[in-house]
$ cat query_39.txt   # compact mmCIF, C-alpha atoms
# COMPACT_ATOMS: atom_id res chain seq x y z
CA MET A 296 -20.45 -53.28 -20.22
CA THR A 297 -21.39 -49.70 -21.07
CA ARG A 298 -19.47 -46.68 -19.77
CA PHE A 299 -21.07 -43.30 -19.22
CA LYS A 300 -18.84 -40.22 -19.40
CA TRP A 301 -20.05 -37.03 -17.76
CA ARG A 302 -19.52 -34.12 -20.14
CA TYR A 303 -18.99 -31.58 -17.33
CA SER A 304 -16.30 -33.53 -15.46
CA SER A 305 -13.45 -31.46 -16.91
CA GLU A 306 -15.15 -28.18 -15.99
CA LEU A 307 -15.72 -29.35 -12.43
CA LYS A 308 -12.12 -30.44 -12.19
CA LYS A 309 -10.92 -27.01 -13.29
CA LEU A 310 -13.26 -25.33 -10.82
CA PHE A 311 -12.04 -27.54 -7.99
CA THR A 312 -8.40 -26.85 -8.88
CA ARG A 313 -9.03 -23.10 -8.97
CA TYR A 314 -10.67 -22.96 -5.56
CA ARG A 315 -8.08 -25.28 -4.09
CA ALA A 316 -5.36 -22.86 -5.21
CA ARG A 317 -7.25 -19.95 -3.68
CA TRP A 318 -7.65 -21.80 -0.40
CA SER A 319 -3.90 -22.49 -0.34
CA TYR A 320 -3.25 -18.81 -1.03
CA ALA A 321 -5.57 -17.82 1.84
CA LYS A 322 -3.72 -20.09 4.28
CA ILE A 323 -0.33 -18.73 3.22
CA TRP A 324 -1.58 -15.14 3.58
CA PHE A 325 -3.02 -15.81 7.04
CA ARG A 326 0.27 -17.40 8.15
CA ARG A 327 2.19 -14.37 6.90
CA LEU A 328 -0.27 -12.05 8.63
CA ILE A 329 0.47 -13.73 11.98
CA THR A 330 4.23 -14.09 11.61
CA GLU A 331 5.10 -10.98 9.55
CA PHE A 332 2.51 -8.32 10.23
CA ASP A 333 2.93 -5.33 7.90
CA SER A 334 0.80 -2.99 5.78
CA ASP A 335 1.51 -4.82 2.51
CA THR A 336 0.26 -8.09 3.94
CA CYS A 337 -2.90 -6.44 5.29
CA LEU A 338 -3.72 -4.79 1.98
CA GLU A 339 -2.91 -7.81 -0.17
CA PRO A 340 -6.49 -9.24 -0.11
CA MET A 341 -7.84 -5.88 -1.22
CA PHE A 342 -5.37 -5.79 -4.12
CA TRP A 343 -6.34 -9.33 -5.04
CA PHE A 344 -10.05 -8.42 -5.01
CA VAL A 345 -9.43 -5.34 -7.19
CA ASP A 346 -7.39 -7.33 -9.71
CA ASN A 347 -9.92 -10.15 -10.00
CA TYR A 348 -13.34 -8.54 -9.61
CA THR A 349 -13.12 -4.90 -10.67
CA HIS A 350 -13.96 -5.86 -14.26
CA LEU A 351 -17.23 -7.35 -13.02
CA LEU A 352 -18.21 -4.09 -11.30
CA GLY A 353 -17.41 -2.01 -14.39
CA PRO A 354 -20.89 -2.25 -15.98
CA PHE A 355 -22.47 -1.12 -12.71
CA PHE A 356 -20.19 1.94 -12.64
CA ILE A 357 -21.18 2.80 -16.21
CA PHE A 358 -24.85 2.40 -15.27
CA ALA A 359 -24.33 4.68 -12.24
CA VAL A 360 -22.64 7.41 -14.30
CA SER A 361 -25.35 7.25 -16.96
CA GLY A 362 -28.14 7.29 -14.37
CA LEU A 363 -26.73 10.26 -12.48
CA THR A 364 -26.20 12.21 -15.71
CA ILE A 365 -29.75 11.55 -16.91
CA ALA A 366 -31.20 12.47 -13.50
CA VAL A 367 -29.32 15.77 -13.37
CA VAL A 368 -30.37 16.71 -16.91
CA VAL A 369 -34.03 15.81 -16.27
CA ILE A 370 -34.13 17.91 -13.07
CA ALA A 371 -32.47 20.83 -14.85
CA TYR A 372 -35.15 20.83 -17.57
CA TRP A 373 -37.99 20.08 -15.17
CA ILE A 374 -37.25 22.76 -12.56
CA GLY A 375 -34.52 25.03 -13.87
CA LEU A 376 -35.90 25.71 -17.35
CA PRO A 377 -39.34 27.04 -16.23
CA PHE A 378 -37.68 29.11 -13.50
CA TRP A 379 -35.33 30.88 -15.90
CA TRP A 380 -37.94 31.18 -18.66
CA GLU A 381 -40.24 33.05 -16.30
CA LYS A 382 -37.36 35.22 -15.22
CA SER A 383 -35.87 36.06 -18.64
CA PRO A 384 -36.57 34.24 -21.95
CA LYS A 385 -33.47 35.72 -23.60
CA ALA A 386 -31.21 34.57 -20.77
CA THR A 387 -32.87 31.15 -20.94
CA VAL A 388 -31.99 30.74 -24.62
CA PHE A 389 -28.37 31.65 -23.88
CA LEU A 390 -28.21 29.19 -20.98
CA LEU A 391 -29.76 26.45 -23.13
CA ILE A 392 -27.06 26.90 -25.77
CA ILE A 393 -24.21 26.80 -23.24
CA GLY A 394 -25.74 23.96 -21.23
CA ASN A 395 -26.41 21.72 -24.22
CA TRP A 396 -22.92 22.41 -25.58
CA LEU A 397 -21.45 21.20 -22.28
CA LEU A 398 -23.81 18.22 -22.22
CA LEU A 399 -22.87 17.23 -25.78
CA ASN A 400 -19.18 17.23 -24.89
CA VAL A 401 -19.76 15.28 -21.68
CA ILE A 402 -21.73 12.54 -23.45
CA PHE A 403 -19.39 12.35 -26.45
CA HIS A 404 -16.15 12.10 -24.48
CA TYR A 405 -17.58 9.61 -21.98
CA VAL A 406 -18.89 7.29 -24.69
CA MET A 407 -15.62 7.52 -26.63
CA GLY A 408 -13.62 6.87 -23.45
CA VAL A 409 -15.66 3.72 -22.83
CA ILE A 410 -15.66 2.24 -26.34
CA THR A 411 -12.16 3.27 -27.49
CA PRO A 412 -9.49 0.61 -26.79
CA PRO A 413 -6.44 2.14 -25.08
CA GLY A 414 -4.08 0.23 -27.37
CA GLU A 415 -1.86 -2.78 -26.82
CA PRO A 416 1.49 -3.80 -28.31
CA PRO A 417 1.69 -6.50 -30.98
CA GLN A 418 2.32 -10.05 -29.81
CA ILE A 419 5.43 -10.35 -31.94
CA SER A 420 7.99 -7.60 -32.40
CA ASP A 421 8.62 -6.83 -36.07
CA GLY A 422 11.48 -4.45 -35.37
CA SER A 423 9.33 -1.32 -35.76
CA PHE A 424 9.68 -0.39 -32.09
CA GLU A 425 12.21 -0.70 -29.33
CA VAL A 426 11.60 -3.63 -27.01
CA ARG A 427 12.48 -2.48 -23.50
CA LYS A 428 11.63 -5.78 -21.80
CA ILE A 429 9.38 -8.80 -21.92
CA CYS A 430 6.27 -8.62 -19.77
CA LYS A 431 6.50 -11.10 -16.88
CA LYS A 432 2.73 -11.64 -16.83
CA CYS A 433 1.62 -11.85 -20.47
CA HIS A 434 5.11 -12.71 -21.87
CA LEU A 435 4.85 -10.20 -24.71
CA PRO A 436 7.35 -7.54 -25.81
CA LYS A 437 6.82 -4.21 -24.05
CA ALA A 438 7.27 -0.96 -25.94
CA PRO A 439 8.39 2.25 -24.19
CA ARG A 440 5.78 3.69 -21.77
CA THR A 441 3.86 0.38 -21.87
CA HIS A 442 2.64 -1.22 -18.65
CA HIS A 443 0.65 -4.31 -17.76
CA CYS A 444 -2.90 -3.91 -16.40
CA SER A 445 -3.69 -6.63 -13.86
CA ILE A 446 -7.44 -6.01 -14.31
CA CYS A 447 -7.57 -6.15 -18.12
CA LYS A 448 -4.91 -8.91 -18.10
CA LYS A 449 -2.92 -7.28 -20.91
CA CYS A 450 -0.25 -4.68 -21.61
CA VAL A 451 -1.50 -1.17 -22.43
CA LEU A 452 0.27 1.43 -24.55
CA LYS A 453 1.21 4.56 -22.58
CA MET A 454 -0.92 3.34 -19.71
CA ASP A 455 -2.15 5.90 -17.19
CA HIS A 456 -4.45 3.79 -14.98
CA HIS A 457 -7.48 1.52 -15.07
CA CYS A 458 -10.67 3.56 -14.66
CA PRO A 459 -13.63 1.59 -13.21
CA TRP A 460 -16.02 4.41 -14.17
CA LEU A 461 -15.13 3.79 -17.82
CA ASN A 462 -14.74 0.03 -17.33
CA ASN A 463 -11.65 0.51 -19.45
CA CYS A 464 -7.97 1.27 -19.20
CA VAL A 465 -6.85 4.83 -19.86
CA GLY A 466 -4.04 4.62 -22.36
CA PHE A 467 -2.61 6.03 -25.55
CA PHE A 468 -5.76 6.13 -27.70
CA ASN A 469 -8.38 7.22 -25.14
CA HIS A 470 -6.45 9.38 -22.67
CA ARG A 471 -7.67 12.58 -24.31
CA TYR A 472 -11.31 11.45 -24.11
CA PHE A 473 -10.92 10.62 -20.42
CA PHE A 474 -9.41 13.98 -19.52
CA LEU A 475 -11.86 16.07 -21.54
CA TYR A 476 -14.77 14.13 -20.04
CA MET A 477 -13.60 15.08 -16.55
CA ALA A 478 -13.00 18.69 -17.56
CA TYR A 479 -16.38 19.15 -19.26
CA THR A 480 -18.23 17.38 -16.44
CA THR A 481 -16.61 19.69 -13.90
CA LEU A 482 -17.53 22.74 -15.99
CA GLY A 483 -21.08 21.44 -16.44
CA CYS A 484 -21.58 20.94 -12.71
CA LEU A 485 -20.16 24.40 -12.00
CA PHE A 486 -22.55 25.80 -14.62
CA LEU A 487 -25.53 24.19 -12.86
CA ILE A 488 -24.36 25.34 -9.43
CA ILE A 489 -23.86 28.96 -10.50
CA PHE A 490 -27.11 29.37 -12.42
CA GLY A 491 -29.11 27.18 -10.06
CA PHE A 492 -27.94 28.86 -6.86
CA GLU A 493 -30.81 31.36 -6.78
CA LEU A 494 -33.36 28.61 -7.38
CA GLY A 495 -31.88 26.42 -4.66
CA TYR A 496 -31.62 29.30 -2.21
CA LYS A 497 -35.27 30.17 -2.75
CA HIS A 498 -36.67 26.63 -2.45
CA ILE A 499 -34.35 25.22 0.22
CA TRP A 500 -33.08 28.03 2.40
CA LEU A 501 -36.16 30.27 2.29
CA ASP A 502 -38.59 27.33 2.30
CA HIS A 503 -39.92 27.87 -1.24
CA GLY A 504 -39.43 31.64 -1.01
CA ASP A 505 -42.78 32.42 0.71
CA SER A 506 -42.02 34.83 3.54
CA TRP A 507 -44.66 36.30 5.84
CA ILE A 508 -44.36 39.87 7.03
CA GLU A 509 -46.42 40.84 10.06
CA SER A 510 -48.43 43.98 9.24
CA GLU A 511 -49.67 44.56 12.79
CA PRO A 512 -49.02 43.00 16.21
CA LEU A 513 -50.87 39.78 16.88
CA GLU A 514 -53.27 39.73 19.82
CA GLY A 515 -55.15 36.99 21.58
CA GLN A 516 -54.59 34.09 23.90
CA PRO A 517 -53.81 31.25 23.60
CA VAL A 518 -51.86 30.48 20.37
CA LYS A 519 -51.07 27.35 18.40
CA PHE A 520 -48.98 26.55 15.29
CA ASN A 521 -50.37 25.80 11.88
CA LEU A 522 -48.65 23.75 9.15
CA SER A 523 -46.60 26.69 7.91
CA GLY A 524 -45.00 27.24 11.31
CA HIS A 525 -46.39 30.77 11.75
CA ILE A 526 -48.16 31.77 14.96
CA ILE A 527 -51.85 32.64 14.51
CA PRO A 528 -54.29 33.94 17.17
CA VAL A 529 -57.31 31.89 18.21
CA THR A 530 -60.37 33.08 20.11
CA HIS A 531 -61.33 29.80 21.80
CA ALA A 532 -59.09 27.89 24.13
CA HIS A 533 -60.24 24.52 22.77
CA GLU A 534 -60.74 25.53 19.15
CA TYR A 535 -58.39 22.86 17.78
CA ASP A 536 -59.25 20.22 20.36
CA ASP A 537 -62.94 19.99 19.42
CA ASP A 538 -63.52 17.80 16.41
CA LEU A 539 -66.76 19.63 15.64
CA LEU A 540 -65.08 23.00 15.23
CA LEU A 541 -62.96 23.81 12.16
CA PRO A 542 -59.57 25.52 12.52
CA ALA A 543 -59.55 29.30 12.44
CA LYS A 544 -59.44 30.81 8.97
CA HIS A 545 -56.33 32.79 8.07
CA ALA A 546 -54.49 34.13 5.04
CA LEU A 547 -51.01 33.04 6.10
CA PRO A 548 -48.76 31.38 3.51
CA THR A 549 -48.67 27.60 3.48
CA PRO A 550 -46.38 25.19 1.62
CA PRO A 551 -47.18 25.34 -2.10
CA THR A 552 -49.33 22.56 -3.47
CA SER A 553 -49.78 21.13 -6.91
CA ASP A 554 -52.97 21.13 -8.91
CA ASP A 555 -54.17 17.89 -7.36
CA GLY A 556 -53.65 19.24 -3.84
CA THR A 557 -50.61 17.16 -2.85
CA TYR A 558 -47.48 18.78 -1.46
CA THR A 559 -44.69 19.30 -3.98
CA MET A 560 -41.97 17.93 -1.75
CA GLY A 561 -40.59 15.99 -4.70
CA ARG A 562 -39.45 19.22 -6.30
CA ARG A 563 -37.59 20.26 -3.15
CA ARG A 564 -35.96 16.85 -2.76
CA ALA A 565 -34.93 16.90 -6.41
CA ILE A 566 -33.16 20.24 -5.88
CA ILE A 567 -31.36 18.88 -2.80
CA PHE A 568 -30.30 15.80 -4.80
CA MET A 569 -29.13 18.04 -7.64
CA ALA A 570 -27.10 20.27 -5.34
CA THR A 571 -25.49 17.33 -3.54
CA THR A 572 -24.56 15.57 -6.77
CA ASN A 573 -23.10 18.66 -8.43
CA VAL A 574 -21.08 19.79 -5.42
CA THR A 575 -19.67 16.29 -4.92
CA ALA A 576 -18.78 16.00 -8.61
CA VAL A 577 -17.06 19.39 -8.63
CA LEU A 578 -14.96 18.55 -5.58
CA ALA A 579 -14.00 15.03 -6.71
CA LEU A 580 -13.68 15.47 -10.47
CA GLY A 581 -12.30 18.99 -10.12
CA ALA A 582 -9.41 17.79 -7.95
CA LEU A 583 -8.78 14.84 -10.30
CA THR A 584 -8.85 17.12 -13.35
CA ILE A 585 -6.33 19.51 -11.81
CA TRP A 586 -4.03 16.64 -10.90
CA HIS A 587 -4.13 15.14 -14.40
CA ALA A 588 -3.62 18.59 -15.91
CA LYS A 589 -0.46 18.88 -13.83
CA LEU A 590 0.73 15.50 -15.13
CA ILE A 591 0.02 16.50 -18.73
CA THR A 592 1.92 19.75 -18.22
CA HIS A 593 4.96 17.72 -17.13
CA GLY A 594 4.60 15.25 -20.02
CA GLU A 595 3.95 12.15 -17.88
CA THR A 596 1.23 9.70 -16.93
CA SER A 597 0.13 8.65 -13.46
CA ILE A 598 2.44 5.63 -13.50
CA GLU A 599 5.33 7.62 -14.96
CA ALA A 600 4.93 10.25 -12.25
CA LEU A 601 5.75 7.62 -9.61
CA ILE A 602 8.63 6.23 -11.67
CA ASN A 603 10.06 9.70 -12.34
CA GLN A 604 9.84 10.59 -8.65
CA GLU A 605 11.76 7.47 -7.68
CA GLU A 606 14.39 8.14 -10.34
CA THR A 607 14.74 11.76 -9.23
CA GLU A 608 15.30 10.73 -5.61
CA ARG A 609 17.74 7.97 -6.63
CA LEU A 610 19.85 10.23 -8.84
CA LEU A 611 19.71 13.04 -6.30
CA LYS A 612 21.64 10.84 -3.87
CA GLU A 613 24.32 10.54 -6.56
CA ASN A 614 24.33 14.33 -7.09
CA LYS A 615 22.73 13.94 -10.49
CA ILE A 616 19.61 15.50 -12.04
CA TYR A 617 16.94 13.36 -13.64
CA VAL A 618 15.40 14.68 -16.86
CA ASN A 619 12.04 13.37 -18.05
CA PRO A 620 12.70 12.39 -21.69
CA TYR A 621 9.07 13.12 -22.67
CA ASN A 622 8.79 16.61 -21.16
CA PHE A 623 8.97 19.14 -24.01
CA GLY A 624 7.62 22.08 -22.01
CA ALA A 625 4.09 22.91 -20.96
CA ARG A 626 2.92 24.37 -24.28
CA LYS A 627 4.18 21.57 -26.51
CA ASN A 628 3.11 18.88 -24.05
CA TRP A 629 -0.47 20.15 -24.19
CA LYS A 630 -0.43 20.42 -27.98
CA LEU A 631 0.80 16.86 -28.30
CA PHE A 632 -1.72 15.56 -25.78
CA LEU A 633 -4.72 17.33 -27.36
CA GLY A 634 -3.53 16.52 -30.88
CA LEU A 635 -3.26 20.18 -31.92
CA VAL A 636 -0.82 19.42 -34.73
CA ARG A 637 -1.05 19.14 -38.51
CA GLY A 638 -3.31 22.18 -38.74
CA ARG A 639 -5.82 21.21 -36.04
CA THR A 640 -7.21 24.12 -34.03
CA PHE A 641 -8.31 24.43 -30.41
CA TRP A 642 -11.77 25.64 -31.41
CA ARG A 643 -12.54 22.68 -33.64
CA SER A 644 -10.64 19.87 -31.90
CA VAL A 645 -11.21 20.70 -28.21
CA LEU A 646 -14.26 22.94 -27.87
CA LEU A 647 -16.24 20.69 -30.20
CA PRO A 648 -16.36 16.88 -30.23
CA SER A 649 -13.57 15.45 -32.36
CA TRP A 650 -12.68 11.86 -33.31
CA HIS A 651 -9.06 12.59 -34.21
CA LYS A 652 -6.52 10.10 -32.93
CA PRO A 653 -3.30 10.99 -31.10
CA GLU A 654 -0.18 11.41 -33.16
CA GLY A 655 1.88 8.28 -33.61
CA ASN A 656 1.17 4.62 -32.96
CA GLY A 657 1.91 4.41 -29.24
CA LEU A 658 4.95 2.19 -29.84
CA THR A 659 7.58 4.86 -30.48
CA PHE A 660 7.86 8.32 -28.96
CA HIS A 661 10.03 11.33 -29.53
CA THR A 662 12.21 12.44 -26.65
CA VAL A 663 13.88 15.68 -25.66
CA HIS A 664 17.10 14.30 -27.12
CA ASP A 665 15.79 14.34 -30.70
CA GLU A 666 13.54 17.40 -30.27
CA ARG A 667 15.92 19.69 -32.17
CA VAL A 668 15.19 17.86 -35.39
CA TYR A 669 11.50 18.82 -35.16
CA LEU A 670 11.96 22.20 -33.50
CA SER A 671 11.02 24.16 -36.65
CA THR A 672 7.95 22.12 -37.57
CA ASP A 673 4.63 21.52 -35.86
CA GLU A 674 4.05 18.07 -37.29
CA TRP A 675 4.63 15.25 -34.85
CA PRO A 676 5.84 12.69 -35.54
$ encode --input "query_39.txt" --output "C-alpha cells"
Amino acid sequence: MTRFKWRYSSELKKLFTRYRARWSYAKIWFRRLITEFDSDTCLEPMFWFVDNYTHLLGPFFIFAVSGLTIAVVVIAYWIGLPFWWEKSPKATVFLLIIGNWLLLNVIFHYVMGVITPPGEPPQISDGSFEVRKICKKCHLPKAPRTHHCSICKKCVLKMDHHCPWLNNCVGFFNHRYFFLYMAYTTLGCLFLIIFGFELGYKHIWLDHGDSWIESEPLEGQPVKFNLSGHIIPVTHAHEYDDDLLLPAKHALPTPPTSDDGTYTMGRRRAIIFMATTNVTAVLALGALTIWHAKLITHGETSIEALINQEETERLLKENKIYVNPYNFGARKNWKLFLGLVRGRTFWRSVLLPSWHKPEGNGLTFHTVHDERVYLSTDEWP
C-alpha cells in the first residue's frame, strides 16, 4: 500500500493555527468591549493593525514621497523656470543654485534615512555595555536608551519612533538624517512658496493675469457673455441663437491657448497642486520639525520625553526634582546630535550632505554626572 504525503500540509497547519489564534483574540476583545468598555479596549484593534501591517504599507509611503517630490520638481522646472527666466536671468541663476542645493539635501537625507539601519544591540552581552533589563518580547539584553519596536520586531538603539514614511525605525544611526530631511524639506517648500507666490497669484487669483480695462462705456441692447466672462454688446437680438450667424467679433481677452489651440488648464491645475502640496508640507513637516528640535534641545527622544515627563510628575509628588541625565545644555546637545565634534564644522557637515556617523556605538552614553571629565575637550566620547 502506497502513502502519499502532501508537501504543503505543515504550511496549512501553521496558517490554520495562526488564524485560529486571531479568531480567539477577536472573541476575547469583543467580550471585553461589552463588559469593560474603555478607550484602551476600543483602540486595541487599531494598535494591533499598526503593529502587524504597517511594515507592508511602508513601500507605498516611500513611493508616495518619491512621487510627490518628483512632481513638485517637474512643475517647478516646467512653469517656474521659464517665468523667472523671462523676468530676470540673473535672479533665475541664483534661484537655481539655492533650489538645487535644497533639493540635493532633501534627496540625500531621505535616501540615507531609508537605507541606514537605526542600530540594534548585540544578542549576547559581552560586558561592553550596561544591561538595564532583558526585553520581554525579543528576550535580548537592552542597553540604555534602547526600546523595542513592535513593527520591526526588534530592539532599536536610542529609539525615537517608527517612521512609516521612511519604512524604517528612527534610532541612533539615522536620527540625524531623519531630522535634516524634515528641516530641508520644510525650507524647500517655503522656498517654492515664496518665489512662486507671484506666479500663483497671477495664474490663479487673476485668472492668468489677463485683465480687461474698459476704455469707453459699452452701448447696445441686449448683451450676452462670451467665454472670458466679459460683457460684449451685440446688435441683433438673436445673433447667438441663429446657427447661420457667427458670434460678434471682439478684441476682448480670452483664456490663453497653446500652440495647438487647446486650453492650457493643465498648467493652472499644476500650480494649484503645487501650492496645495507645499502649504500642506510646510504646516505638517514644519510643526514636526519644531517639535523634534525642541526634543533635541532637551537631549531626549520622543519616547524619552514621555518617560521623563512621568518621572518628573512622580518625583514632584515626593518634593524632588528630576534631572535628565542626557541633557548637557542646548548648545552641546545640538553639537552631539549633529556630530559637530572632532573638528567637524557646521558648513561641511550640516549645510552639505555628510555621511559621518554619530559619536559612540549607541550602547553606552555619557551623562551629566561624568560631564566634568570631558568639560575641557570637544571630543565625545
$ closest_residue --input "query_39.txt" --among "A:Ile616, A:Ile499, A:Ile488, A:Cys464" --to "Arg563 in chain A" --atoms "all atoms listed in the file"
A:Ile499
$ residues_around --input "query_39.txt" --residues "range 410-419 of chain A" --least-positions-apart "2" --cutoff "6 Å" --atoms "all atoms listed in the file" --output "NGL selection string"
:A and (407-408 or 435 or 450-452 or 465-469)
$ write_last_selection --input "query_39.txt" --atoms "C-alpha atoms" --output "mmCIF file, in the frame of the given file"
data_model
loop_
_atom_site.group_PDB
_atom_site.id
_atom_site.type_symbol
_atom_site.label_atom_id
_atom_site.label_comp_id
_atom_site.auth_asym_id
_atom_site.auth_seq_id
_atom_site.Cartn_x
_atom_site.Cartn_y
_atom_site.Cartn_z
ATOM 1 C CA MET A 407 -15.620 7.520 -26.630
ATOM 2 C CA GLY A 408 -13.620 6.870 -23.450
ATOM 3 C CA LEU A 435 4.850 -10.200 -24.710
ATOM 4 C CA CYS A 450 -0.250 -4.680 -21.610
ATOM 5 C CA VAL A 451 -1.500 -1.170 -22.430
ATOM 6 C CA LEU A 452 0.270 1.430 -24.550
ATOM 7 C CA VAL A 465 -6.850 4.830 -19.860
ATOM 8 C CA GLY A 466 -4.040 4.620 -22.360
ATOM 9 C CA PHE A 467 -2.610 6.030 -25.550
ATOM 10 C CA PHE A 468 -5.760 6.130 -27.700
ATOM 11 C CA ASN A 469 -8.380 7.220 -25.140
#
$ residues_around --input "query_39.txt" --residues "range 386-395 of chain A" --least-positions-apart "2" --cutoff "12 Å" --atoms "all atoms listed in the file" --output "number ranges by chain"
A: 367-368, 371-372, 375-384, 397-403, 479-480, 482-491, 646-647
$ write_last_selection --input "query_39.txt" --atoms "C-alpha atoms" --output "mmCIF file, in the coordinates of the input"
data_model
loop_
_atom_site.group_PDB
_atom_site.id
_atom_site.type_symbol
_atom_site.label_atom_id
_atom_site.label_comp_id
_atom_site.auth_asym_id
_atom_site.auth_seq_id
_atom_site.Cartn_x
_atom_site.Cartn_y
_atom_site.Cartn_z
ATOM 1 C CA VAL A 367 -29.320 15.770 -13.370
ATOM 2 C CA VAL A 368 -30.370 16.710 -16.910
ATOM 3 C CA ALA A 371 -32.470 20.830 -14.850
ATOM 4 C CA TYR A 372 -35.150 20.830 -17.570
ATOM 5 C CA GLY A 375 -34.520 25.030 -13.870
ATOM 6 C CA LEU A 376 -35.900 25.710 -17.350
ATOM 7 C CA PRO A 377 -39.340 27.040 -16.230
ATOM 8 C CA PHE A 378 -37.680 29.110 -13.500
ATOM 9 C CA TRP A 379 -35.330 30.880 -15.900
ATOM 10 C CA TRP A 380 -37.940 31.180 -18.660
ATOM 11 C CA GLU A 381 -40.240 33.050 -16.300
ATOM 12 C CA LYS A 382 -37.360 35.220 -15.220
ATOM 13 C CA SER A 383 -35.870 36.060 -18.640
ATOM 14 C CA PRO A 384 -36.570 34.240 -21.950
ATOM 15 C CA LEU A 397 -21.450 21.200 -22.280
ATOM 16 C CA LEU A 398 -23.810 18.220 -22.220
ATOM 17 C CA LEU A 399 -22.870 17.230 -25.780
ATOM 18 C CA ASN A 400 -19.180 17.230 -24.890
ATOM 19 C CA VAL A 401 -19.760 15.280 -21.680
ATOM 20 C CA ILE A 402 -21.730 12.540 -23.450
ATOM 21 C CA PHE A 403 -19.390 12.350 -26.450
ATOM 22 C CA TYR A 479 -16.380 19.150 -19.260
ATOM 23 C CA THR A 480 -18.230 17.380 -16.440
ATOM 24 C CA LEU A 482 -17.530 22.740 -15.990
ATOM 25 C CA GLY A 483 -21.080 21.440 -16.440
ATOM 26 C CA CYS A 484 -21.580 20.940 -12.710
ATOM 27 C CA LEU A 485 -20.160 24.400 -12.000
ATOM 28 C CA PHE A 486 -22.550 25.800 -14.620
ATOM 29 C CA LEU A 487 -25.530 24.190 -12.860
ATOM 30 C CA ILE A 488 -24.360 25.340 -9.430
ATOM 31 C CA ILE A 489 -23.860 28.960 -10.500
ATOM 32 C CA PHE A 490 -27.110 29.370 -12.420
ATOM 33 C CA GLY A 491 -29.110 27.180 -10.060
ATOM 34 C CA LEU A 646 -14.260 22.940 -27.870
ATOM 35 C CA LEU A 647 -16.240 20.690 -30.200
#
$ atom_distance --input "query_39.txt" --atom1 "CA of Glu608 in chain A" --atom2 "CA of Phe660 in chain A"
24.6 Å
$ closest_residue --input "query_39.txt" --among "A:Val663, A:Leu611, A:Ala576, A:Leu631" --to "Leu363 in chain A" --atoms "only C-alpha atoms"
A:Ala576
$ atom_distance --input "query_39.txt" --atom1 "CA of Gly638 in chain A" --atom2 "CA of Glu425 in chain A"
29.2 Å
$ closest_residue --input "query_39.txt" --among "A:Lys448, A:His664, A:Lys630, A:Arg440" --to "Thr596 in chain A" --atoms "only C-alpha atoms"
A:Arg440
$ atom_distance --input "query_39.txt" --atom1 "CA of Lys453 in chain A" --atom2 "CA of Tyr621 in chain A"
11.6 Å
$ residues_around --input "query_39.txt" --residues "Leu635 in chain A" --least-positions-apart "6" --cutoff "9 Å" --atoms "only C-alpha atoms" --output "PyMOL selection string"
chain A and resi 629+641+644-645+673
$ closest_residue --input "query_39.txt" --among "A:Phe473, A:Trp586, A:Tyr405, A:Phe355" --to "Phe632 in chain A" --atoms "only C-alpha atoms"
A:Phe473
$ closest_residue --input "query_39.txt" --among "A:Ala625, A:Met569, A:Leu610, A:Cys433" --to "Leu590 in chain A" --atoms "all atoms listed in the file"
A:Ala625
$ closest_residue --input "query_39.txt" --among "A:Ile566, A:Asn628, A:Leu601, A:Lys615" --to "Trp500 in chain A" --atoms "all atoms listed in the file"
A:Ile566
$ decode --input "query_39.txt" --residues "range 588-599 of chain A" --atoms "N, CA and C atoms" --output "PDB file, in the first residue's frame"
ATOM      1  N   ALA A 588      13.027  69.520  17.130  1.00  0.00           N
ATOM      2  CA  ALA A 588      14.095  70.438  17.527  1.00  0.00           C
ATOM      3  C   ALA A 588      14.029  70.721  19.025  1.00  0.00           C
ATOM      4  N   LYS A 589      12.823  70.827  19.553  1.00  0.00           N
ATOM      5  CA  LYS A 589      12.657  71.037  20.989  1.00  0.00           C
ATOM      6  C   LYS A 589      13.172  69.833  21.769  1.00  0.00           C
ATOM      7  N   LEU A 590      12.878  68.620  21.271  1.00  0.00           N
ATOM      8  CA  LEU A 590      13.364  67.417  21.940  1.00  0.00           C
ATOM      9  C   LEU A 590      14.889  67.349  21.909  1.00  0.00           C
ATOM     10  N   ILE A 591      15.475  67.679  20.765  1.00  0.00           N
ATOM     11  CA  ILE A 591      16.937  67.653  20.652  1.00  0.00           C
ATOM     12  C   ILE A 591      17.560  68.676  21.596  1.00  0.00           C
ATOM     13  N   THR A 592      16.945  69.828  21.716  1.00  0.00           N
ATOM     14  CA  THR A 592      17.449  70.857  22.619  1.00  0.00           C
ATOM     15  C   THR A 592      17.484  70.364  24.052  1.00  0.00           C
ATOM     16  N   HIS A 593      16.524  69.527  24.418  1.00  0.00           N
ATOM     17  CA  HIS A 593      16.450  68.991  25.785  1.00  0.00           C
ATOM     18  C   HIS A 593      17.218  67.684  25.940  1.00  0.00           C
ATOM     19  N   GLY A 594      17.834  67.192  24.855  1.00  0.00           N
ATOM     20  CA  GLY A 594      18.633  65.978  24.949  1.00  0.00           C
ATOM     21  C   GLY A 594      17.813  64.721  25.157  1.00  0.00           C
ATOM     22  N   GLU A 595      16.668  64.600  24.473  1.00  0.00           N
ATOM     23  CA  GLU A 595      15.806  63.438  24.656  1.00  0.00           C
ATOM     24  C   GLU A 595      15.154  63.045  23.335  1.00  0.00           C
ATOM     25  N   THR A 596      14.667  61.828  23.272  1.00  0.00           N
ATOM     26  CA  THR A 596      13.927  61.350  22.120  1.00  0.00           C
ATOM     27  C   THR A 596      12.431  61.453  22.394  1.00  0.00           C
ATOM     28  N   SER A 597      11.624  61.043  21.415  1.00  0.00           N
ATOM     29  CA  SER A 597      10.176  61.106  21.601  1.00  0.00           C
ATOM     30  C   SER A 597       9.722  60.193  22.733  1.00  0.00           C
ATOM     31  N   ILE A 598      10.300  59.000  22.790  1.00  0.00           N
ATOM     32  CA  ILE A 598       9.935  58.065  23.859  1.00  0.00           C
ATOM     33  C   ILE A 598      10.435  58.569  25.202  1.00  0.00           C
ATOM     34  N   GLU A 599      11.669  59.079  25.227  1.00  0.00           N
ATOM     35  CA  GLU A 599      12.226  59.579  26.482  1.00  0.00           C
ATOM     36  C   GLU A 599      11.481  60.799  26.992  1.00  0.00           C
TER      37      GLU A 599
END
